[in-house]
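Enquirer: This one is upload.cif, mmCIF, C-alpha atoms and all ligand atoms.
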data_run
loop_
_atom_site.group_PDB
_atom_site.id
_atom_site.type_symbol
_atom_site.label_atom_id
_atom_site.label_comp_id
_atom_site.auth_asym_id
_atom_site.auth_seq_id
_atom_site.Cartn_x
_atom_site.Cartn_y
_atom_site.Cartn_z
ATOM 1 C CA MET H 1 6.825 18.142 21.308
ATOM 2 C CA THR H 2 7.269 14.778 22.902
ATOM 3 C CA THR H 3 6.167 11.244 22.204
ATOM 4 C CA ILE H 4 2.508 10.477 22.868
ATOM 5 C CA LEU H 5 1.785 7.291 24.816
ATOM 6 C CA TYR H 6 -1.671 5.780 24.429
ATOM 7 C CA SER H 7 -2.977 3.081 26.734
ATOM 8 C CA HIS H 8 -6.070 2.241 28.756
ATOM 9 C CA PRO H 9 -6.982 0.085 31.788
ATOM 10 C CA ASP H 10 -9.487 -1.784 29.561
ATOM 11 C CA CYS H 11 -6.480 -3.314 27.777
ATOM 12 C CA LEU H 12 -5.488 -4.940 31.092
ATOM 13 C CA ALA H 13 -9.014 -6.280 31.657
ATOM 14 C CA HIS H 14 -8.873 -8.561 28.579
ATOM 15 C CA ASP H 15 -8.492 -11.870 30.437
ATOM 16 C CA THR H 16 -7.154 -14.733 28.323
ATOM 17 C CA GLY H 17 -7.316 -17.335 31.079
ATOM 18 C CA TYR H 18 -4.837 -19.348 33.093
ATOM 19 C CA ASP H 19 -1.274 -19.526 31.799
ATOM 20 C CA HIS H 20 -1.968 -17.892 28.433
ATOM 21 C CA PRO H 21 1.160 -16.237 27.012
ATOM 22 C CA GLU H 22 -0.782 -13.129 25.890
ATOM 23 C CA SER H 23 -1.635 -12.140 29.463
ATOM 24 C CA PRO H 24 -2.308 -8.788 31.155
ATOM 25 C CA THR H 25 1.006 -9.282 32.994
ATOM 26 C CA ARG H 26 2.890 -8.366 29.805
ATOM 27 C CA LEU H 27 1.342 -4.933 29.436
ATOM 28 C CA LYS H 28 1.394 -4.339 33.192
ATOM 29 C CA ALA H 29 5.175 -4.883 33.212
ATOM 30 C CA LEU H 30 5.719 -2.508 30.292
ATOM 31 C CA LEU H 31 3.465 0.217 31.704
ATOM 32 C CA ALA H 32 5.185 -0.016 35.103
ATOM 33 C CA LYS H 33 8.549 0.475 33.395
ATOM 34 C CA LEU H 34 7.187 3.485 31.497
ATOM 35 C CA GLN H 35 6.231 5.075 34.825
ATOM 36 C CA GLU H 36 9.911 5.537 35.714
ATOM 37 C CA GLN H 37 11.338 9.043 35.942
ATOM 38 C CA GLU H 38 13.102 8.986 32.566
ATOM 39 C CA PHE H 39 9.695 8.694 30.884
ATOM 40 C CA ALA H 40 8.093 11.578 32.805
ATOM 41 C CA ALA H 41 7.998 13.736 29.665
ATOM 42 C CA LEU H 42 5.692 11.339 27.755
ATOM 43 C CA ASP H 43 2.368 12.868 26.753
ATOM 44 C CA ARG H 44 0.107 10.198 28.267
ATOM 45 C CA ARG H 45 -3.358 9.889 26.769
ATOM 46 C CA PRO H 46 -6.200 7.435 27.335
ATOM 47 C CA ALA H 47 -6.838 5.267 24.287
ATOM 48 C CA PRO H 48 -10.320 6.049 22.973
ATOM 49 C CA PRO H 49 -12.513 3.277 21.543
ATOM 50 C CA ALA H 50 -12.466 2.973 17.757
ATOM 51 C CA ALA H 51 -15.590 3.949 15.862
ATOM 52 C CA ARG H 52 -17.198 1.021 14.069
ATOM 53 C CA VAL H 53 -16.694 2.793 10.756
ATOM 54 C CA GLN H 54 -12.932 2.812 11.393
ATOM 55 C CA ILE H 55 -12.862 -0.934 12.055
ATOM 56 C CA SER H 56 -15.132 -1.599 9.063
ATOM 57 C CA ARG H 57 -12.535 -0.178 6.651
ATOM 58 C CA VAL H 58 -10.548 -3.365 7.345
ATOM 59 C CA HIS H 59 -12.926 -5.976 8.735
ATOM 60 C CA GLU H 60 -16.149 -7.246 7.227
ATOM 61 C CA ALA H 61 -19.334 -6.335 9.125
ATOM 62 C CA ARG H 62 -20.228 -9.993 9.539
ATOM 63 C CA TYR H 63 -16.852 -10.679 11.126
ATOM 64 C CA MET H 64 -17.224 -7.742 13.519
ATOM 65 C CA GLU H 65 -20.646 -8.988 14.634
ATOM 66 C CA LYS H 66 -19.250 -12.507 15.072
ATOM 67 C CA VAL H 67 -16.500 -11.141 17.328
ATOM 68 C CA PHE H 68 -18.852 -9.073 19.481
ATOM 69 C CA ALA H 69 -21.282 -11.998 19.773
ATOM 70 C CA ALA H 70 -18.471 -14.350 20.838
ATOM 71 C CA VAL H 71 -17.635 -12.304 23.940
ATOM 72 C CA PRO H 72 -19.261 -14.170 26.850
ATOM 73 C CA THR H 73 -21.068 -12.481 29.753
ATOM 74 C CA SER H 74 -18.957 -14.535 32.153
ATOM 75 C CA GLY H 75 -16.016 -16.921 31.913
ATOM 76 C CA GLU H 76 -14.005 -17.372 28.769
ATOM 77 C CA ALA H 77 -14.629 -18.355 25.167
ATOM 78 C CA ASN H 78 -12.321 -19.411 22.344
ATOM 79 C CA ILE H 79 -12.772 -17.504 19.100
ATOM 80 C CA SER H 80 -9.902 -19.324 17.433
ATOM 81 C CA PRO H 81 -7.853 -22.212 18.823
ATOM 82 C CA ASP H 82 -5.404 -19.844 20.549
ATOM 83 C CA THR H 83 -7.479 -16.657 20.836
ATOM 84 C CA ILE H 84 -9.457 -16.493 24.058
ATOM 85 C CA VAL H 85 -11.899 -13.763 25.056
ATOM 86 C CA SER H 86 -13.708 -12.980 28.282
ATOM 87 C CA ASN H 87 -16.461 -10.663 29.443
ATOM 88 C CA LYS H 88 -14.330 -7.507 29.455
ATOM 89 C CA SER H 89 -12.560 -8.129 26.154
ATOM 90 C CA THR H 90 -14.692 -5.848 23.958
ATOM 91 C CA GLY H 91 -13.305 -2.704 25.599
ATOM 92 C CA ALA H 92 -9.755 -3.901 24.942
ATOM 93 C CA PHE H 93 -10.477 -4.674 21.253
ATOM 94 C CA MET H 94 -12.097 -1.285 20.703
ATOM 95 C CA ARG H 95 -9.441 0.750 22.516
ATOM 96 C CA ALA H 96 -6.515 -1.117 20.958
ATOM 97 C CA ALA H 97 -7.841 -0.229 17.496
ATOM 98 C CA GLY H 98 -8.938 3.229 18.620
ATOM 99 C CA SER H 99 -5.520 4.086 20.039
ATOM 100 C CA VAL H 100 -3.896 3.735 16.626
ATOM 101 C CA CYS H 101 -6.552 5.942 14.978
ATOM 102 C CA ALA H 102 -6.134 8.557 17.728
ATOM 103 C CA ALA H 103 -2.355 8.422 17.271
ATOM 104 C CA VAL H 104 -2.825 8.986 13.526
ATOM 105 C CA ASP H 105 -5.036 12.018 14.242
ATOM 106 C CA ALA H 106 -2.480 13.449 16.676
ATOM 107 C CA ILE H 107 0.571 12.871 14.466
ATOM 108 C CA ILE H 108 -1.035 14.108 11.244
ATOM 109 C CA GLY H 109 -2.468 17.008 13.259
ATOM 110 C CA GLY H 110 1.066 17.980 14.268
ATOM 111 C CA GLU H 111 0.562 17.454 18.013
ATOM 112 C CA ALA H 112 3.698 15.280 18.189
ATOM 113 C CA LEU H 113 6.193 13.660 15.832
ATOM 114 C CA ASN H 114 5.602 10.120 17.002
ATOM 115 C CA SER H 115 3.446 7.967 19.233
ATOM 116 C CA PHE H 116 3.482 4.568 20.901
ATOM 117 C CA CYS H 117 0.275 2.629 21.547
ATOM 118 C CA ALA H 118 0.791 0.328 24.546
ATOM 119 C CA VAL H 119 -2.277 -1.822 24.021
ATOM 120 C CA ARG H 120 -3.489 -5.407 23.787
ATOM 121 C CA PRO H 121 -4.655 -7.653 22.276
ATOM 122 C CA PRO H 122 -2.096 -7.506 19.465
ATOM 123 C CA GLY H 123 -3.411 -7.304 15.895
ATOM 124 C CA HIS H 124 -0.997 -8.328 13.158
ATOM 125 C CA HIS H 125 -2.275 -11.898 12.667
ATOM 126 C CA ALA H 126 -5.907 -10.776 12.223
ATOM 127 C CA SER H 127 -7.030 -10.529 8.600
ATOM 128 C CA MET H 128 -10.260 -9.187 7.087
ATOM 129 C CA ALA H 129 -12.441 -11.961 8.396
ATOM 130 C CA SER H 130 -10.421 -14.112 10.740
ATOM 131 C CA THR H 131 -8.992 -14.033 14.220
ATOM 132 C CA MET H 132 -5.706 -15.819 14.783
ATOM 133 C CA GLY H 133 -2.691 -15.920 17.063
ATOM 134 C CA PHE H 134 -4.175 -13.911 19.975
ATOM 135 C CA CYS H 135 -5.274 -11.154 17.528
ATOM 136 C CA VAL H 136 -8.872 -10.062 16.937
ATOM 137 C CA PHE H 137 -8.869 -6.754 15.067
ATOM 138 C CA ASN H 138 -5.808 -5.666 13.095
ATOM 139 C CA ASN H 139 -5.069 -2.485 15.030
ATOM 140 C CA VAL H 140 -2.272 -1.267 12.765
ATOM 141 C CA ALA H 141 -4.213 -1.963 9.545
ATOM 142 C CA ILE H 142 -7.161 -0.010 10.977
ATOM 143 C CA GLY H 143 -4.771 2.886 11.662
ATOM 144 C CA VAL H 144 -3.371 2.663 8.118
ATOM 145 C CA GLU H 145 -6.859 2.897 6.631
ATOM 146 C CA HIS H 146 -7.663 5.798 8.943
ATOM 147 C CA ALA H 147 -4.577 7.649 7.679
ATOM 148 C CA ARG H 148 -5.627 7.024 4.066
ATOM 149 C CA HIS H 149 -9.388 7.389 4.169
ATOM 150 C CA GLY H 150 -9.732 9.630 7.203
ATOM 151 C CA HIS H 151 -6.848 11.955 6.283
ATOM 152 C CA GLY H 152 -6.311 11.398 2.566
ATOM 153 C CA LEU H 153 -2.723 10.148 2.723
ATOM 154 C CA GLY H 154 -1.506 8.346 -0.389
ATOM 155 C CA ARG H 155 1.479 6.158 0.488
ATOM 156 C CA VAL H 156 1.698 4.398 3.834
ATOM 157 C CA ALA H 157 4.299 1.899 5.052
ATOM 158 C CA VAL H 158 4.166 -0.663 7.853
ATOM 159 C CA VAL H 159 7.286 -2.276 9.297
ATOM 160 C CA ASP H 160 6.658 -5.323 11.471
ATOM 161 C CA PHE H 161 9.619 -6.453 13.597
ATOM 162 C CA ASP H 162 7.617 -8.895 15.707
ATOM 163 C CA VAL H 163 9.350 -12.286 15.510
ATOM 164 C CA HIS H 164 6.227 -13.798 13.903
ATOM 165 C CA HIS H 165 5.239 -12.984 10.327
ATOM 166 C CA GLY H 166 2.587 -10.257 10.162
ATOM 167 C CA ASN H 167 0.375 -12.433 7.986
ATOM 168 C CA GLY H 168 -2.879 -10.598 8.714
ATOM 169 C CA THR H 169 -1.468 -7.222 7.703
ATOM 170 C CA GLU H 170 0.020 -8.790 4.581
ATOM 171 C CA ALA H 171 -3.310 -10.393 3.645
ATOM 172 C CA ILE H 172 -5.170 -7.096 4.065
ATOM 173 C CA PHE H 173 -2.823 -5.064 1.860
ATOM 174 C CA ARG H 174 -1.224 -7.613 -0.480
ATOM 175 C CA ASN H 175 -3.053 -6.270 -3.559
ATOM 176 C CA ASP H 176 -2.704 -2.594 -2.684
ATOM 177 C CA PRO H 177 0.372 -0.886 -4.141
ATOM 178 C CA ALA H 178 -0.242 2.231 -1.995
ATOM 179 C CA VAL H 179 0.603 0.315 1.204
ATOM 180 C CA MET H 180 4.034 -1.241 1.704
ATOM 181 C CA VAL H 181 4.222 -3.980 4.336
ATOM 182 C CA ALA H 182 7.672 -5.149 5.444
ATOM 183 C CA SER H 183 8.070 -7.943 7.981
ATOM 184 C CA ILE H 184 11.229 -9.437 9.478
ATOM 185 C CA HIS H 185 10.447 -12.679 11.281
ATOM 186 C CA GLN H 186 11.701 -16.118 12.213
ATOM 187 C CA ALA H 187 11.119 -18.653 9.451
ATOM 188 C CA MET H 188 9.268 -21.928 10.065
ATOM 189 C CA ILE H 189 7.395 -20.898 13.201
ATOM 190 C CA PHE H 190 3.808 -19.701 13.617
ATOM 191 C CA PRO H 191 2.105 -18.691 11.325
ATOM 192 C CA MET H 192 4.468 -20.494 8.874
ATOM 193 C CA SER H 193 4.064 -17.840 6.161
ATOM 194 C CA GLY H 194 6.198 -14.870 5.101
ATOM 195 C CA ALA H 195 8.461 -16.378 2.461
ATOM 196 C CA ARG H 196 10.812 -14.007 0.695
ATOM 197 C CA SER H 197 9.097 -14.941 -2.578
ATOM 198 C CA ASP H 198 5.732 -13.563 -1.359
ATOM 199 C CA THR H 199 5.893 -10.032 -2.710
ATOM 200 C CA GLY H 200 2.222 -9.114 -3.262
ATOM 201 C CA VAL H 201 2.043 -6.564 -6.071
ATOM 202 C CA GLY H 202 5.623 -5.525 -5.331
ATOM 203 C CA ASN H 203 4.511 -3.926 -2.067
ATOM 204 C CA ILE H 204 5.257 -6.818 0.305
ATOM 205 C CA VAL H 205 8.775 -7.301 1.694
ATOM 206 C CA ASN H 206 9.315 -10.477 3.685
ATOM 207 C CA VAL H 207 12.617 -11.065 5.454
ATOM 208 C CA PRO H 208 12.601 -14.482 7.115
ATOM 209 C CA VAL H 209 15.552 -15.270 9.401
ATOM 210 C CA VAL H 210 16.546 -18.706 10.652
ATOM 211 C CA ARG H 211 16.377 -19.731 14.309
ATOM 212 C CA ASN H 212 19.291 -18.610 16.451
ATOM 213 C CA THR H 213 20.243 -15.796 14.085
ATOM 214 C CA SER H 214 22.845 -13.592 15.750
ATOM 215 C CA ALA H 215 21.860 -10.032 16.571
ATOM 216 C CA VAL H 216 24.544 -8.846 14.135
ATOM 217 C CA ASN H 217 23.018 -10.849 11.291
ATOM 218 C CA PHE H 218 19.466 -9.848 12.277
ATOM 219 C CA ARG H 219 20.479 -6.179 12.094
ATOM 220 C CA ALA H 220 22.276 -6.742 8.794
ATOM 221 C CA ALA H 221 19.175 -8.290 7.220
ATOM 222 C CA PHE H 222 16.979 -5.463 8.514
ATOM 223 C CA GLU H 223 19.364 -2.809 7.232
ATOM 224 C CA ALA H 224 19.974 -4.396 3.834
ATOM 225 C CA GLU H 225 16.502 -5.673 2.959
ATOM 226 C CA ILE H 226 14.028 -3.309 4.634
ATOM 227 C CA ILE H 227 15.554 0.168 4.937
ATOM 228 C CA PRO H 228 16.382 0.721 1.233
ATOM 229 C CA ARG H 229 12.921 -0.473 0.184
ATOM 230 C CA LEU H 230 11.299 1.956 2.619
ATOM 231 C CA LEU H 231 13.359 4.854 1.314
ATOM 232 C CA GLU H 232 12.450 3.900 -2.245
ATOM 233 C CA PHE H 233 8.747 3.655 -1.376
ATOM 234 C CA ASN H 234 8.921 7.058 0.358
ATOM 235 C CA PRO H 235 5.861 6.797 2.660
ATOM 236 C CA GLU H 236 3.862 9.769 3.947
ATOM 237 C CA ILE H 237 3.609 8.149 7.384
ATOM 238 C CA LEU H 238 5.353 5.118 8.866
ATOM 239 C CA PHE H 239 3.699 2.541 11.139
ATOM 240 C CA ILE H 240 5.569 0.036 13.283
ATOM 241 C CA SER H 241 4.083 -3.265 14.388
ATOM 242 C CA ALA H 242 6.333 -3.395 17.424
ATOM 243 C CA GLY H 243 6.587 -6.915 18.761
ATOM 244 C CA PHE H 244 9.446 -7.624 21.141
ATOM 245 C CA ASP H 245 9.444 -11.423 20.937
ATOM 246 C CA ALA H 246 12.714 -11.559 18.979
ATOM 247 C CA HIS H 247 14.311 -10.932 22.413
ATOM 248 C CA LEU H 248 16.748 -13.584 23.617
ATOM 249 C CA SER H 249 14.504 -14.569 26.565
ATOM 250 C CA ASP H 250 11.205 -14.847 24.718
ATOM 251 C CA PRO H 251 9.549 -18.240 25.213
ATOM 252 C CA LEU H 252 7.785 -18.310 21.805
ATOM 253 C CA ALA H 253 10.775 -17.939 19.457
ATOM 254 C CA ASP H 254 14.532 -18.456 19.127
ATOM 255 C CA GLN H 255 16.139 -15.127 18.291
ATOM 256 C CA LYS H 256 18.889 -13.339 20.179
ATOM 257 C CA LEU H 257 18.010 -9.664 20.305
ATOM 258 C CA ALA H 258 18.693 -7.474 23.339
ATOM 259 C CA PRO H 259 17.017 -4.138 24.161
ATOM 260 C CA ALA H 260 19.878 -2.312 22.385
ATOM 261 C CA ASP H 261 18.891 -4.018 19.138
ATOM 262 C CA PHE H 262 15.331 -2.688 19.456
ATOM 263 C CA THR H 263 16.824 0.778 20.078
ATOM 264 C CA TRP H 264 18.849 0.397 16.896
ATOM 265 C CA MET H 265 15.871 -0.727 14.769
ATOM 266 C CA THR H 266 13.805 2.139 16.168
ATOM 267 C CA GLU H 267 16.523 4.641 15.276
ATOM 268 C CA GLN H 268 16.788 3.214 11.762
ATOM 269 C CA LEU H 269 13.041 3.645 11.267
ATOM 270 C CA MET H 270 13.077 7.129 12.779
ATOM 271 C CA SER H 271 15.744 8.085 10.218
ATOM 272 C CA VAL H 272 13.494 6.846 7.421
ATOM 273 C CA ALA H 273 10.578 8.820 8.875
ATOM 274 C CA GLU H 274 12.751 11.913 9.082
ATOM 275 C CA ILE H 275 13.869 11.626 5.456
ATOM 276 C CA CYS H 276 10.487 10.639 3.981
ATOM 277 C CA CYS H 277 7.658 12.002 6.048
ATOM 278 C CA GLY H 278 8.572 14.753 8.472
ATOM 279 C CA ASN H 279 9.229 12.197 11.244
ATOM 280 C CA ARG H 280 5.591 11.004 11.265
ATOM 281 C CA LEU H 281 5.676 7.625 12.941
ATOM 282 C CA VAL H 282 3.013 5.596 14.788
ATOM 283 C CA SER H 283 4.176 2.503 16.667
ATOM 284 C CA THR H 284 1.904 -0.109 18.220
ATOM 285 C CA LEU H 285 2.645 -3.006 20.543
ATOM 286 C CA GLU H 286 2.259 -6.492 19.068
ATOM 287 C CA GLY H 287 3.915 -9.495 20.795
ATOM 288 C CA GLY H 288 6.570 -10.051 23.443
ATOM 289 C CA TYR H 289 5.916 -12.852 25.911
ATOM 290 C CA ASP H 290 8.587 -12.600 28.586
ATOM 291 C CA PRO H 291 7.183 -9.732 30.668
ATOM 292 C CA ALA H 292 10.576 -8.526 31.964
ATOM 293 C CA ALA H 293 12.149 -8.678 28.486
ATOM 294 C CA LEU H 294 9.113 -6.926 27.019
ATOM 295 C CA ALA H 295 9.367 -4.155 29.622
ATOM 296 C CA GLN H 296 13.088 -3.617 28.925
ATOM 297 C CA SER H 297 12.738 -3.831 25.149
ATOM 298 C CA GLY H 298 9.578 -1.713 24.945
ATOM 299 C CA ALA H 299 11.254 0.881 27.170
ATOM 300 C CA ALA H 300 14.274 0.917 24.837
ATOM 301 C CA HIS H 301 11.905 1.508 21.914
ATOM 302 C CA VAL H 302 10.049 4.356 23.637
ATOM 303 C CA ARG H 303 13.303 5.907 24.912
ATOM 304 C CA ALA H 304 14.519 6.069 21.300
ATOM 305 C CA LEU H 305 11.207 7.507 20.063
ATOM 306 C CA MET H 306 11.503 10.287 22.664
ATOM 307 C CA ARG H 307 14.945 11.305 21.307
ATOM 308 C CA HIS H 308 13.905 13.009 18.108
HETATM 309 ZN ZN ZN H 401 4.897 -12.381 17.836
#
Now that the file is in, can you turn its structure into structure tokens?

Expert:
Amino acid sequence: MTTILYSHPDCLAHDTGYDHPESPTRLKALLAKLQEQEFAALDRRPAPPAARVQISRVHEARYMEKVFAAVPTSGEANISPDTIVSNKSTGAFMRAAGSVCAAVDAIIGGEALNSFCAVRPPGHHASMASTMGFCVFNNVAIGVEHARHGHGLGRVAVVDFDVHHGNGTEAIFRNDPAVMVASIHQAMIFPMSGARSDTGVGNIVNVPVVRNTSAVNFRAAFEAEIIPRLLEFNPEILFISAGFDAHLSDPLADQKLAPADFTWMTEQLMSVAEICCGNRLVSTLEGGYDPAALAQSGAAHVRALMRH
């Protein structure tokens, strides 16, 4: 059994306009890297669109209708100050969310041990009824609810190593002790939340790091503050909100990670999945805004996932 890779050309057709950091170029660079020979064994599958009922487990119906209505027939439209949509965006929203649900089906169905969803737009800043930070639907949260309500799983954990706080995912699950949400992120940048003192009902773990944290200290914080809590929580499936913008070259933050650090975090999380949940792990792309760094870091992540 190998790693399943979900993606779809519709995710490249979501046009965010001139010079927007969340551009199709990011995903194009990562997918090109994943075409190289070392990734030949990936089980490549087209991301299916989510069913509306899957999205509605997280997002209010009125919000969904507002999103669909905001997509213009031509040109671009802003649905939040930094979230831009265009005429082909709906397919990207639906397939980004649908990829995570399909990955959940495949992993719980025993078709593979883990999966990576190479999709856009990202999702972790989207909450129940608001779009924010390039995110429209919270893809990972929709996958979590699919694992619980579609498959009857009890305890589910999300680890978000995107350099920005996963505030949408936290908002969705902050009162739900059956879902643990752990986020390591740079303090005092967008979206300005994610303080260590925000613990939800004991299910939220926030690990803010200062700007210019060394990779050694970043790893130490991850290992000391996230891994033990995951083991204690003992999830039945583990989700990763895999943003690669803590890379040294990323233009939107000031961290110092290299691809090897993403390999290391991936291996740490795979160990947790092996101990707790029969290796069941679903990872989904969030941010990463230097296309070359994203390609290298995402490839390091997938290379590790394939070595189980
Ligand atoms: Zn980010």

Enquirer: Any chance you could work out the residue set of the PyMOL selection byres (((chain H and resi 215) around 10) and not hetatm) here, as number ranges by chain?

Expert: H: 212-214, 216-221, 246-248, 255-258, 260-261

Enquirer: Can you list what the PyMOL selection byres (((chain H and resi 186) around 12) and not hetatm) grabs from this structure, as a CSV table (one decimal) with C-alpha atoms, in the frame of the given file?

Expert:
chain,number,residue,atom,x,y,z
H,160,ASP,CA,6.7,-5.3,11.5
H,161,PHE,CA,9.6,-6.5,13.6
H,162,ASP,CA,7.6,-8.9,15.7
H,163,VAL,CA,9.4,-12.3,15.5
H,164,HIS,CA,6.2,-13.8,13.9
H,165,HIS,CA,5.2,-13.0,10.3
H,166,GLY,CA,2.6,-10.3,10.2
H,183,SER,CA,8.1,-7.9,8.0
H,184,ILE,CA,11.2,-9.4,9.5
H,185,HIS,CA,10.4,-12.7,11.3
H,187,ALA,CA,11.1,-18.7,9.5
H,188,MET,CA,9.3,-21.9,10.1
H,189,ILE,CA,7.4,-20.9,13.2
H,190,PHE,CA,3.8,-19.7,13.6
H,191,PRO,CA,2.1,-18.7,11.3
H,192,MET,CA,4.5,-20.5,8.9
H,193,SER,CA,4.1,-17.8,6.2
H,194,GLY,CA,6.2,-14.9,5.1
H,195,ALA,CA,8.5,-16.4,2.5
H,196,ARG,CA,10.8,-14.0,0.7
H,206,ASN,CA,9.3,-10.5,3.7
H,207,VAL,CA,12.6,-11.1,5.5
H,208,PRO,CA,12.6,-14.5,7.1
H,209,VAL,CA,15.6,-15.3,9.4
H,210,VAL,CA,16.5,-18.7,10.7
H,211,ARG,CA,16.4,-19.7,14.3
H,212,ASN,CA,19.3,-18.6,16.5
H,213,THR,CA,20.2,-15.8,14.1
H,214,SER,CA,22.8,-13.6,15.8
H,218,PHE,CA,19.5,-9.8,12.3
H,221,ALA,CA,19.2,-8.3,7.2
H,245,ASP,CA,9.4,-11.4,20.9
H,246,ALA,CA,12.7,-11.6,19.0
H,247,HIS,CA,14.3,-10.9,22.4
H,252,LEU,CA,7.8,-18.3,21.8
H,253,ALA,CA,10.8,-17.9,19.5
H,254,ASP,CA,14.5,-18.5,19.1
H,255,GLN,CA,16.1,-15.1,18.3
H,256,LYS,CA,18.9,-13.3,20.2

Enquirer: Just give me the gap between atom CA of H:Leu281 and atom CA of H:Ala182 in Å, one decimal is fine.

Expert: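 Distance between the two atoms: 14.9 Å.
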
Enquirer: Looking at only C-alpha atoms, which of H:Ala50, H:Ala13, H:Ile108, H:Val272 is the one that sits closest to H:Asn87?

Expert: H:Ala13

Enquirer: Between atom CA of H:Glu274 and atom CA of H:Asn139, measure the distance and give it in Å to one decimal.

Expert: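 Atom-to-atom, atom CA of H:Glu274 and atom CA of H:Asn139 are spaced 23.7 Å apart.
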
Enquirer: Could you check the closest approach to ligand ZN 401 (chain H) for each of H:Phe39, H:Phe233, H:Tyr289, H:Phe262 and tell me which residue wins, using all atoms listed in the file?

Expert: H:Tyr289

Enquirer: So what does the PyMOL selection byres (((chain H and resi 120-132) around 7) and not hetatm) actually pick up in this one, as an NGL selection string?

Expert: :H and (11 or 58-60 or 63 or 80 or 83 or 92-93 or 96 or 119 or 133-140 or 166-169 or 171-172 or 285-287)

Enquirer: Which residue gives the smallest distance to H:Asp10 among H:Ala41, H:Ala118, H:Ala69, H:Val53, with all atoms listed in the file counted?

Expert: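 Using all atoms listed in the file, the shortest distance to H:Asp10 belongs to H:Ala118.
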
Enquirer: Just to confirm, what's the straight-line distance from atom CA of H:Pro9 to atom CA of H:Ser89 in Å (one decimal)?

Expert: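 Separation of atom CA of H:Pro9 and atom CA of H:Ser89: 11.4 Å.
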
Enquirer: Counting only C-alpha atoms, which residue out of H:Thr73, H:Ser99, H:Ser86, H:Ser56 sits closest to H:Glu145?

Expert: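 Once distances to H:Glu145 are computed over only C-alpha atoms, the minimum belongs to H:Ser56.
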
Enquirer: Identify which of the residues H:Ala157, H:Ile79, H:Ile84, H:Ala51 lies closest to H:Lys66, counting only C-alpha atoms when measuring atom-to-atom distances.

Expert: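 Smallest distance to H:Lys66 is found for H:Ile79.
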
Enquirer: Determine the nearest neighbour of H:Lys88 from the options H:Val282, H:Met1, H:Ala304, H:Leu12, counting only C-alpha atoms.

Expert: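 Of all the options, H:Leu12 lies closest to H:Lys88.
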
Enquirer: With a distance cut-off of 9 Å and only C-alpha atoms, select the neighbouring residues of stretch 25-38 of chain H, excluding the residue or stretch itself and same-chain residues fewer than 4 positions from it, and output the selection as a list in words.

Expert: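 So the residues in contact are Ser7, Cys11, Leu12, Pro21, Leu42, Ala118, Val119, Arg120, Gly288, Tyr289, Asp290, Pro291, Ala292, Leu294, Ala295, Gln296, Ser297, Gly298, Ala299, Val302 and Arg303 of chain H.
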
Enquirer: Okay, now the selection with C-alpha atoms, as a compact mmCIF listing (two decimals), in the frame of the given file?

Expert:
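Contents of part24.txt, freshly written:
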# COMPACT_ATOMS: atom_id res chain seq x y z
CA SER H 7 -2.98 3.08 26.73
CA CYS H 11 -6.48 -3.31 27.78
CA LEU H 12 -5.49 -4.94 31.09
CA PRO H 21 1.16 -16.24 27.01
CA LEU H 42 5.69 11.34 27.76
CA ALA H 118 0.79 0.33 24.55
CA VAL H 119 -2.28 -1.82 24.02
CA ARG H 120 -3.49 -5.41 23.79
CA GLY H 288 6.57 -10.05 23.44
CA TYR H 289 5.92 -12.85 25.91
CA ASP H 290 8.59 -12.60 28.59
CA PRO H 291 7.18 -9.73 30.67
CA ALA H 292 10.58 -8.53 31.96
CA LEU H 294 9.11 -6.93 27.02
CA ALA H 295 9.37 -4.16 29.62
CA GLN H 296 13.09 -3.62 28.92
CA SER H 297 12.74 -3.83 25.15
CA GLY H 298 9.58 -1.71 24.94
CA ALA H 299 11.25 0.88 27.17
CA VAL H 302 10.05 4.36 23.64
CA ARG H 303 13.30 5.91 24.91

Enquirer: Determine, counting only C-alpha atoms, which protein, DNA and RNA residues have an atom within 9 Å of an atom of H:Val156; residues of the same chain fewer than 5 positions away are not included. Present the result as a CSV table (one decimal) with C-alpha atoms, in the frame of the given file.

Expert:
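Final output, saved to out36.csv:
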chain,number,residue,atom,x,y,z
H,144,VAL,CA,-3.4,2.7,8.1
H,147,ALA,CA,-4.6,7.6,7.7
H,148,ARG,CA,-5.6,7.0,4.1
H,178,ALA,CA,-0.2,2.2,-2.0
H,179,VAL,CA,0.6,0.3,1.2
H,180,MET,CA,4.0,-1.2,1.7
H,181,VAL,CA,4.2,-4.0,4.3
H,233,PHE,CA,8.7,3.7,-1.4
H,234,ASN,CA,8.9,7.1,0.4
H,235,PRO,CA,5.9,6.8,2.7
H,236,GLU,CA,3.9,9.8,3.9
H,237,ILE,CA,3.6,8.1,7.4
H,238,LEU,CA,5.4,5.1,8.9
H,239,PHE,CA,3.7,2.5,11.1

Enquirer: Report the centre and edge lengths, in Å to one decimal, of an axis-aligned box enclosing every atom of stretch 183-188 of chain H listed in the file, padded by 5 Å on each side, as JSON.

Expert:
{"center_x": 9.9, "center_y": -14.9, "center_z": 10.1, "size_x": 13.6, "size_y": 24.0, "size_z": 14.2}
